$ cat structure_31.pdb   # PDB, C-alpha atoms, pLDDT in the B column
ATOM      1  CA  MET A   1       0.000   0.000   0.000  1.00 78.00           C
ATOM      2  CA  TYR A   2       2.919   2.323   0.583  1.00 84.00           C
ATOM      3  CA  ILE A   3       3.955   1.598  -3.000  1.00 89.00           C
ATOM      4  CA  ALA A   4       0.685   3.132  -4.245  1.00 89.00           C
ATOM      5  CA  GLY A   5       1.279   6.291  -2.227  1.00 89.00           C
ATOM      6  CA  ILE A   6       4.901   6.498  -3.346  1.00 92.00           C
ATOM      7  CA  ALA A   7       3.866   6.047  -6.996  1.00 92.00           C
ATOM      8  CA  ALA A   8       1.239   8.799  -6.713  1.00 92.00           C
ATOM      9  CA  VAL A   9       3.710  11.204  -5.133  1.00 93.00           C
ATOM     10  CA  LEU A  10       6.357  10.369  -7.755  1.00 94.00           C
ATOM     11  CA  VAL A  11       3.925  11.061 -10.602  1.00 94.00           C
ATOM     12  CA  THR A  12       3.057  14.396  -8.998  1.00 93.00           C
ATOM     13  CA  MET A  13       6.737  15.223  -8.589  1.00 93.00           C
ATOM     14  CA  ALA A  14       7.237  14.639 -12.337  1.00 94.00           C
ATOM     15  CA  LEU A  15       4.296  16.959 -13.117  1.00 92.00           C
ATOM     16  CA  THR A  16       5.553  19.728 -10.801  1.00 93.00           C
ATOM     17  CA  LEU A  17       9.044  19.378 -12.242  1.00 93.00           C
ATOM     18  CA  ALA A  18       7.605  19.824 -15.746  1.00 92.00           C
ATOM     19  CA  ARG A  19       5.889  23.013 -14.574  1.00 91.00           C
ATOM     20  CA  ALA A  20       9.109  24.205 -12.955  1.00 91.00           C
ATOM     21  CA  PHE A  21      10.933  23.837 -16.282  1.00 91.00           C
ATOM     22  CA  MET A  22       8.110  25.221 -18.455  1.00 87.00           C
ATOM     23  CA  GLY A  23       6.805  27.942 -16.144  1.00 76.00           C
ATOM     24  CA  PRO A  24       6.472  31.210 -18.061  1.00 85.00           C
ATOM     25  CA  THR A  25       7.012  33.441 -15.027  1.00 86.00           C
ATOM     26  CA  VAL A  26       9.428  33.120 -12.135  1.00 87.00           C
ATOM     27  CA  TYR A  27       6.491  32.775  -9.712  1.00 88.00           C
ATOM     28  CA  ASP A  28       5.333  29.623 -11.492  1.00 90.00           C
ATOM     29  CA  ARG A  29       8.757  28.160 -10.947  1.00 91.00           C
ATOM     30  CA  ILE A  30       8.816  29.111  -7.268  1.00 90.00           C
ATOM     31  CA  LEU A  31       5.341  27.613  -6.803  1.00 91.00           C
ATOM     32  CA  ALA A  32       6.421  24.392  -8.509  1.00 92.00           C
ATOM     33  CA  VAL A  33       9.582  24.135  -6.419  1.00 92.00           C
ATOM     34  CA  ASN A  34       7.639  24.760  -3.201  1.00 92.00           C
ATOM     35  CA  SER A  35       5.122  22.098  -4.182  1.00 92.00           C
ATOM     36  CA  PHE A  36       7.976  19.749  -5.062  1.00 93.00           C
ATOM     37  CA  GLY A  37       9.445  20.285  -1.590  1.00 92.00           C
ATOM     38  CA  THR A  38       6.149  19.361   0.083  1.00 92.00           C
ATOM     39  CA  LYS A  39       6.031  16.212  -2.043  1.00 93.00           C
ATOM     40  CA  THR A  40       9.592  15.420  -0.979  1.00 93.00           C
ATOM     41  CA  VAL A  41       8.506  15.554   2.669  1.00 92.00           C
ATOM     42  CA  LEU A  42       5.674  13.146   1.903  1.00 92.00           C
ATOM     43  CA  ILE A  43       7.865  10.742  -0.047  1.00 93.00           C
ATOM     44  CA  ILE A  44      10.526  10.658   2.683  1.00 92.00           C
ATOM     45  CA  ALA A  45       7.853   9.785   5.255  1.00 91.00           C
ATOM     46  CA  LEU A  46       6.290   7.138   2.993  1.00 92.00           C
ATOM     47  CA  TYR A  47       9.664   5.610   2.138  1.00 92.00           C
ATOM     48  CA  GLY A  48      10.575   5.425   5.816  1.00 91.00           C
ATOM     49  CA  TYR A  49       7.443   3.397   6.511  1.00 90.00           C
ATOM     50  CA  PHE A  50       7.983   1.305   3.370  1.00 91.00           C
ATOM     51  CA  THR A  51      11.436   0.184   4.509  1.00 91.00           C
ATOM     52  CA  GLY A  52      10.338  -0.152   8.146  1.00 87.00           C
ATOM     53  CA  ARG A  53      12.529   2.661   9.434  1.00 85.00           C
ATOM     54  CA  PRO A  54      10.261   5.406  10.820  1.00 78.00           C
ATOM     55  CA  ALA A  55      13.359   7.329  11.960  1.00 84.00           C
ATOM     56  CA  PHE A  56      13.230   8.866   8.465  1.00 88.00           C
ATOM     57  CA  LEU A  57      10.500  11.127   9.846  1.00 89.00           C
ATOM     58  CA  ASP A  58      13.147  13.342  11.455  1.00 90.00           C
ATOM     59  CA  ILE A  59      14.577  14.067   8.012  1.00 91.00           C
ATOM     60  CA  ALA A  60      11.084  14.807   6.695  1.00 90.00           C
ATOM     61  CA  LEU A  61      10.479  17.264   9.536  1.00 91.00           C
ATOM     62  CA  VAL A  62      13.727  19.118   8.888  1.00 92.00           C
ATOM     63  CA  TYR A  63      13.026  19.156   5.154  1.00 92.00           C
ATOM     64  CA  ALA A  64       9.611  20.730   5.764  1.00 90.00           C
ATOM     65  CA  LEU A  65      11.224  23.518   7.801  1.00 91.00           C
ATOM     66  CA  ILE A  66      13.998  24.177   5.245  1.00 92.00           C
ATOM     67  CA  ASN A  67      11.536  24.138   2.342  1.00 91.00           C
ATOM     68  CA  PHE A  68       9.355  26.841   3.892  1.00 90.00           C
ATOM     69  CA  ILE A  69      12.303  29.076   4.799  1.00 91.00           C
ATOM     70  CA  GLY A  70      13.789  28.661   1.319  1.00 90.00           C
ATOM     71  CA  THR A  71      10.528  29.558  -0.419  1.00 89.00           C
ATOM     72  CA  ILE A  72      10.039  32.677   1.669  1.00 88.00           C
ATOM     73  CA  ALA A  73      13.649  33.753   1.143  1.00 88.00           C
ATOM     74  CA  VAL A  74      13.509  33.357  -2.655  1.00 87.00           C
ATOM     75  CA  LEU A  75      10.138  35.149  -2.747  1.00 86.00           C
ATOM     76  CA  LYS A  76      11.464  38.052  -0.728  1.00 82.00           C
ATOM     77  CA  PHE A  77      14.454  38.283  -3.036  1.00 83.00           C
ATOM     78  CA  PHE A  78      12.286  38.441  -6.157  1.00 80.00           C
ATOM     79  CA  GLU A  79       9.725  40.774  -4.608  1.00 75.00           C
ATOM     80  CA  TYR A  80      12.100  43.409  -3.271  1.00 74.00           C
ATOM     81  CA  GLY A  81      15.267  42.635  -5.198  1.00 68.00           C
ATOM     82  CA  ASP A  82      17.162  42.386  -1.911  1.00 65.00           C
ATOM     83  CA  LEU A  83      17.175  40.131   1.126  1.00 65.00           C
ATOM     84  CA  GLY A  84      18.220  42.716   3.704  1.00 64.00           C
ATOM     85  CA  ARG A  85      15.772  45.557   3.136  1.00 59.00           C
ATOM     86  CA  ASP A  86      12.703  46.119   5.312  1.00 59.00           C
ATOM     87  CA  ARG A  87       9.205  45.720   3.977  1.00 58.00           C
ATOM     88  CA  PRO A  88       7.610  48.898   2.603  1.00 57.00           C
ATOM     89  CA  SER A  89       5.436  50.551   5.241  1.00 56.00           C
ATOM     90  CA  SER A  90       2.505  51.142   2.905  1.00 56.00           C
ATOM     91  CA  LEU A  91       0.911  48.602   0.596  1.00 55.00           C
ATOM     92  CA  ASP A  92      -0.568  51.224  -1.745  1.00 55.00           C
ATOM     93  CA  ASP A  93       1.658  50.306  -4.655  1.00 52.00           C
ATOM     94  CA  ILE A  94       0.359  46.752  -4.921  1.00 49.00           C
TER      95      ILE A  94
ATOM     96  CA  MET B   1     -10.041  -3.470  15.237  1.00 79.00           C
ATOM     97  CA  GLU B   2      -6.687  -4.057  13.603  1.00 82.00           C
ATOM     98  CA  MET B   3      -8.333  -4.722  10.255  1.00 86.00           C
ATOM     99  CA  LEU B   4     -10.567  -1.663  10.551  1.00 89.00           C
ATOM    100  CA  LEU B   5      -7.602   0.563  11.277  1.00 88.00           C
ATOM    101  CA  ASN B   6      -5.689  -0.970   8.400  1.00 88.00           C
ATOM    102  CA  GLY B   7      -8.585  -0.372   6.014  1.00 90.00           C
ATOM    103  CA  LEU B   8      -9.002   3.215   7.139  1.00 91.00           C
ATOM    104  CA  SER B   9      -5.268   3.726   6.661  1.00 91.00           C
ATOM    105  CA  TRP B  10      -5.537   2.303   3.136  1.00 91.00           C
ATOM    106  CA  ILE B  11      -8.405   4.655   2.314  1.00 92.00           C
ATOM    107  CA  CYS B  12      -6.539   7.662   3.699  1.00 91.00           C
ATOM    108  CA  LEU B  13      -3.328   6.871   1.804  1.00 92.00           C
ATOM    109  CA  LEU B  14      -5.094   6.215  -1.497  1.00 92.00           C
ATOM    110  CA  SER B  15      -7.359   9.265  -1.358  1.00 93.00           C
ATOM    111  CA  GLY B  16      -4.385  11.380  -0.297  1.00 92.00           C
ATOM    112  CA  GLY B  17      -2.464  10.115  -3.315  1.00 92.00           C
ATOM    113  CA  LEU B  18      -5.444  10.907  -5.523  1.00 93.00           C
ATOM    114  CA  PHE B  19      -5.629  14.486  -4.221  1.00 93.00           C
ATOM    115  CA  VAL B  20      -1.901  14.954  -4.667  1.00 93.00           C
ATOM    116  CA  VAL B  21      -2.028  13.748  -8.288  1.00 93.00           C
ATOM    117  CA  ALA B  22      -5.052  15.984  -8.958  1.00 92.00           C
ATOM    118  CA  GLY B  23      -3.077  18.937  -7.637  1.00 91.00           C
ATOM    119  CA  GLY B  24      -0.145  18.040  -9.878  1.00 91.00           C
ATOM    120  CA  ILE B  25      -2.353  17.848 -12.959  1.00 92.00           C
ATOM    121  CA  GLY B  26      -3.937  21.191 -12.059  1.00 91.00           C
ATOM    122  CA  LEU B  27      -0.521  22.717 -11.568  1.00 90.00           C
ATOM    123  CA  LEU B  28       0.513  21.565 -15.023  1.00 90.00           C
ATOM    124  CA  ARG B  29      -2.617  22.348 -17.019  1.00 90.00           C
ATOM    125  CA  PHE B  30      -4.323  25.448 -15.615  1.00 89.00           C
ATOM    126  CA  PRO B  31      -4.083  28.591 -17.738  1.00 87.00           C
ATOM    127  CA  ASP B  32      -2.414  31.180 -15.519  1.00 87.00           C
ATOM    128  CA  PHE B  33      -0.394  31.585 -12.348  1.00 88.00           C
ATOM    129  CA  PHE B  34      -3.220  32.294  -9.896  1.00 89.00           C
ATOM    130  CA  THR B  35      -5.323  29.341 -10.980  1.00 90.00           C
ATOM    131  CA  ARG B  36      -2.245  27.124 -10.741  1.00 90.00           C
ATOM    132  CA  LEU B  37      -1.559  28.474  -7.263  1.00 90.00           C
ATOM    133  CA  HIS B  38      -5.111  27.657  -6.255  1.00 90.00           C
ATOM    134  CA  ALA B  39      -4.891  24.104  -7.609  1.00 89.00           C
ATOM    135  CA  ALA B  40      -1.522  23.394  -6.027  1.00 88.00           C
ATOM    136  CA  SER B  41      -1.971  24.923  -2.575  1.00 88.00           C
ATOM    137  CA  VAL B  42      -5.470  23.675  -1.768  1.00 87.00           C
ATOM    138  CA  THR B  43      -4.860  20.071  -2.791  1.00 87.00           C
ATOM    139  CA  ASP B  44      -1.413  20.146  -1.211  1.00 86.00           C
ATOM    140  CA  THR B  45      -2.851  20.795   2.229  1.00 88.00           C
ATOM    141  CA  LEU B  46      -5.541  18.101   2.045  1.00 90.00           C
ATOM    142  CA  GLY B  47      -3.424  15.493   0.250  1.00 91.00           C
ATOM    143  CA  ALA B  48      -0.502  15.829   2.639  1.00 91.00           C
ATOM    144  CA  ALA B  49      -2.847  15.725   5.643  1.00 92.00           C
ATOM    145  CA  LEU B  50      -4.530  12.546   4.392  1.00 92.00           C
ATOM    146  CA  ILE B  51      -1.264  10.747   3.619  1.00 92.00           C
ATOM    147  CA  LEU B  52       0.233  11.652   7.007  1.00 92.00           C
ATOM    148  CA  LEU B  53      -3.014  10.602   8.715  1.00 92.00           C
ATOM    149  CA  GLY B  54      -2.814   7.241   6.966  1.00 91.00           C
ATOM    150  CA  LEU B  55       0.761   6.781   8.164  1.00 90.00           C
ATOM    151  CA  MET B  56      -0.302   7.807  11.677  1.00 90.00           C
ATOM    152  CA  MET B  57      -2.890   5.012  11.735  1.00 90.00           C
ATOM    153  CA  GLN B  58      -0.169   2.521  10.840  1.00 87.00           C
ATOM    154  CA  SER B  59       2.021   3.351  13.815  1.00 85.00           C
ATOM    155  CA  GLY B  60      -0.614   3.894  16.524  1.00 81.00           C
ATOM    156  CA  PHE B  61       0.400   5.738  19.698  1.00 85.00           C
ATOM    157  CA  SER B  62       4.173   5.999  19.384  1.00 86.00           C
ATOM    158  CA  HIS B  63       7.083   8.372  18.828  1.00 86.00           C
ATOM    159  CA  ALA B  64       6.545   8.160  15.079  1.00 86.00           C
ATOM    160  CA  SER B  65       2.998   9.452  15.463  1.00 89.00           C
ATOM    161  CA  VAL B  66       4.208  12.443  17.455  1.00 90.00           C
ATOM    162  CA  LYS B  67       6.677  13.290  14.705  1.00 90.00           C
ATOM    163  CA  LEU B  68       3.943  12.870  12.096  1.00 91.00           C
ATOM    164  CA  ILE B  69       1.704  15.238  14.071  1.00 92.00           C
ATOM    165  CA  LEU B  70       4.551  17.776  14.159  1.00 91.00           C
ATOM    166  CA  ILE B  71       5.053  17.511  10.376  1.00 91.00           C
ATOM    167  CA  LEU B  72       1.307  17.754   9.814  1.00 92.00           C
ATOM    168  CA  GLY B  73       0.943  20.812  12.049  1.00 91.00           C
ATOM    169  CA  PHE B  74       3.850  22.552  10.386  1.00 91.00           C
ATOM    170  CA  LEU B  75       2.627  21.813   6.855  1.00 90.00           C
ATOM    171  CA  PHE B  76      -0.858  22.910   7.848  1.00 90.00           C
ATOM    172  CA  PHE B  77       0.416  26.372   8.747  1.00 90.00           C
ATOM    173  CA  SER B  78       3.317  26.813   6.342  1.00 90.00           C
ATOM    174  CA  SER B  79       1.606  25.714   3.117  1.00 90.00           C
ATOM    175  CA  PRO B  80      -1.169  28.367   3.132  1.00 90.00           C
ATOM    176  CA  THR B  81       1.348  30.967   4.323  1.00 90.00           C
ATOM    177  CA  ALA B  82       3.660  30.210   1.402  1.00 90.00           C
ATOM    178  CA  ALA B  83       0.701  30.317  -1.016  1.00 90.00           C
ATOM    179  CA  HIS B  84      -0.387  33.699   0.352  1.00 91.00           C
ATOM    180  CA  ALA B  85       3.147  35.072   0.102  1.00 89.00           C
ATOM    181  CA  LEU B  86       3.392  33.804  -3.486  1.00 89.00           C
ATOM    182  CA  ALA B  87       0.108  35.451  -4.473  1.00 89.00           C
ATOM    183  CA  LYS B  88       1.160  38.719  -2.842  1.00 87.00           C
ATOM    184  CA  ALA B  89       4.556  38.641  -4.523  1.00 87.00           C
ATOM    185  CA  ALA B  90       2.964  37.903  -7.907  1.00 87.00           C
ATOM    186  CA  LEU B  91       0.507  40.795  -7.539  1.00 87.00           C
ATOM    187  CA  HIS B  92       3.383  43.011  -6.448  1.00 82.00           C
ATOM    188  CA  GLY B  93       5.289  41.859  -9.544  1.00 79.00           C
ATOM    189  CA  LYS B  94       2.498  43.197 -11.806  1.00 76.00           C
ATOM    190  CA  LEU B  95       1.024  39.822 -12.703  1.00 76.00           C
ATOM    191  CA  THR B  96      -2.679  40.236 -13.527  1.00 78.00           C
ATOM    192  CA  PRO B  97      -5.163  37.450 -12.777  1.00 78.00           C
ATOM    193  CA  PHE B  98      -6.712  35.617 -15.699  1.00 75.00           C
ATOM    194  CA  VAL B  99     -10.363  36.630 -16.274  1.00 75.00           C
ATOM    195  CA  LYS B 100     -12.877  35.235 -18.714  1.00 71.00           C
ATOM    196  CA  ARG B 101     -13.402  37.526 -21.672  1.00 63.00           C
TER     197      ARG B 101
END
$ encode --input "structure_31.pdb" --output "structure tokens"
Amino acid sequence: MYIAGIAAVLVTMALTLARAFMGPTVYDRILAVNSFGTKTVLIIALYGYFTGRPAFLDIALVYALINFIGTIAVLKFFEYGDLGRDRPSSLDDI
Amino acid sequence: MEMLLNGLSWICLLSGGLFVVAGGIGLLRFPDFFTRLHAASVTDTLGAALILLGLMMQSGFSHASVKLILILGFLFFSSPTAAHALAKAALHGKLTPFVKR
């Protein structure tokens, strides 16, 4: 049964990877990479259960944290062109 | 009881896989960024929750379940936050939503 879950997640990873390569805008690529990271968390957890080593869940947990931080960092870079600057105080220009 | 739990775990894993694949297809085929974001983020949350729930039923009350709950809680908060940040960044980057003409 884990094989079915792993197969489904692998198919989805292929689809997201295709979108990451095709994506017309940079935001499409970031979305695809973020989605790919979530799928990686799922596949690590599933694979750990499949091989009978649930200790893999620690790696999945750390990967979830890193994935979120990475997405936010890349987004901030593309939104403001800089990682160190503060956010603008007004949101009128959106 | 064991069989019931096993069956429920099966159902959760399979439906979670189905949701995840549906999200992947939506991410590939929808016409513009915001629709793709919608497809990916919504199904991501439910699919991941169902798959982790299925795994949780396999291990019962144990350390593994606690770790799964931690992963689930984190994904539950971080996935919508990342989707919101993406939508805000895309609007900020002068991307206009697709509307029917």
$ resolve_selection --input "structure_31.pdb" --expression "the PyMOL selection byres ((chain A and resi 54) around 12)" --output "ChimeraX atom specification"
/A:44-53,55-61 /B:55-56,58-59,62-68
$ write_last_selection --input "structure_31.pdb" --atoms "C-alpha atoms" --output "PDB file, in the frame of the given file"
ATOM      1  CA  ILE A  44      10.526  10.658   2.683  1.00 92.00           C
ATOM      2  CA  ALA A  45       7.853   9.785   5.255  1.00 91.00           C
ATOM      3  CA  LEU A  46       6.290   7.138   2.993  1.00 92.00           C
ATOM      4  CA  TYR A  47       9.664   5.610   2.138  1.00 92.00           C
ATOM      5  CA  GLY A  48      10.575   5.425   5.816  1.00 91.00           C
ATOM      6  CA  TYR A  49       7.443   3.397   6.511  1.00 90.00           C
ATOM      7  CA  PHE A  50       7.983   1.305   3.370  1.00 91.00           C
ATOM      8  CA  THR A  51      11.436   0.184   4.509  1.00 91.00           C
ATOM      9  CA  GLY A  52      10.338  -0.152   8.146  1.00 87.00           C
ATOM     10  CA  ARG A  53      12.529   2.661   9.434  1.00 85.00           C
ATOM     11  CA  ALA A  55      13.359   7.329  11.960  1.00 84.00           C
ATOM     12  CA  PHE A  56      13.230   8.866   8.465  1.00 88.00           C
ATOM     13  CA  LEU A  57      10.500  11.127   9.846  1.00 89.00           C
ATOM     14  CA  ASP A  58      13.147  13.342  11.455  1.00 90.00           C
ATOM     15  CA  ILE A  59      14.577  14.067   8.012  1.00 91.00           C
ATOM     16  CA  ALA A  60      11.084  14.807   6.695  1.00 90.00           C
ATOM     17  CA  LEU A  61      10.479  17.264   9.536  1.00 91.00           C
TER      18      LEU A  61
ATOM     19  CA  LEU B  55       0.761   6.781   8.164  1.00 90.00           C
ATOM     20  CA  MET B  56      -0.302   7.807  11.677  1.00 90.00           C
ATOM     21  CA  GLN B  58      -0.169   2.521  10.840  1.00 87.00           C
ATOM     22  CA  SER B  59       2.021   3.351  13.815  1.00 85.00           C
ATOM     23  CA  SER B  62       4.173   5.999  19.384  1.00 86.00           C
ATOM     24  CA  HIS B  63       7.083   8.372  18.828  1.00 86.00           C
ATOM     25  CA  ALA B  64       6.545   8.160  15.079  1.00 86.00           C
ATOM     26  CA  SER B  65       2.998   9.452  15.463  1.00 89.00           C
ATOM     27  CA  VAL B  66       4.208  12.443  17.455  1.00 90.00           C
ATOM     28  CA  LYS B  67       6.677  13.290  14.705  1.00 90.00           C
ATOM     29  CA  LEU B  68       3.943  12.870  12.096  1.00 91.00           C
TER      30      LEU B  68
END
$ interface_residues --input "structure_31.pdb" --of "chain A" --to "chain B" --cutoff "8 Å" --atoms "only C-alpha atoms" --output "PyMOL selection string"
chain A and resi 1-2+4-5+8-9+11-13+15-16+18-19+27-28+31-32+35+38+42+46+49+54-55+57-58+60-61+64-65+68+71-72+75-76+78-79+93-94
$ closest_residue --input "structure_31.pdb" --among "B:Pro80, B:Gly7, B:Gly60, B:Pro31" --to "Pro97 of chain B" --atoms "all atoms listed in the file"
B:Pro31
$ residues_around --input "structure_31.pdb" --residues "Tyr63 of chain A" --least-positions-apart "4" --cutoff "8 Å" --atoms "all atoms listed in the file" --output "ChimeraX atom specification"
/A:37,40-41,59,67
$ atom_distance --input "structure_31.pdb" --atom1 "atom CA of Val74 of chain A" --atom2 "atom CA of Ile30 of chain A"
7.8 Å
$ atom_distance --input "structure_31.pdb" --atom1 "atom CA of Ala39 of chain B" --atom2 "atom CA of Phe36 of chain A"
13.8 Å
$ atom_distance --input "structure_31.pdb" --atom1 "atom CA of His38 of chain B" --atom2 "atom CA of Phe21 of chain A"
19.3 Å
$ axis_aligned_box --input "structure_31.pdb" --around "segment 56-65 of chain B" --padding-each-side "4 Å" --output "JSON"
{"center_x": 2.1, "center_y": 6.0, "center_z": 15.3, "size_x": 18.0, "size_y": 14.9, "size_z": 16.9}
$ closest_residue --input "structure_31.pdb" --among "B:Thr35, B:Leu8, B:Met1, B:Leu50" --to "Thr96 of chain B" --atoms "all atoms listed in the file"
B:Thr35
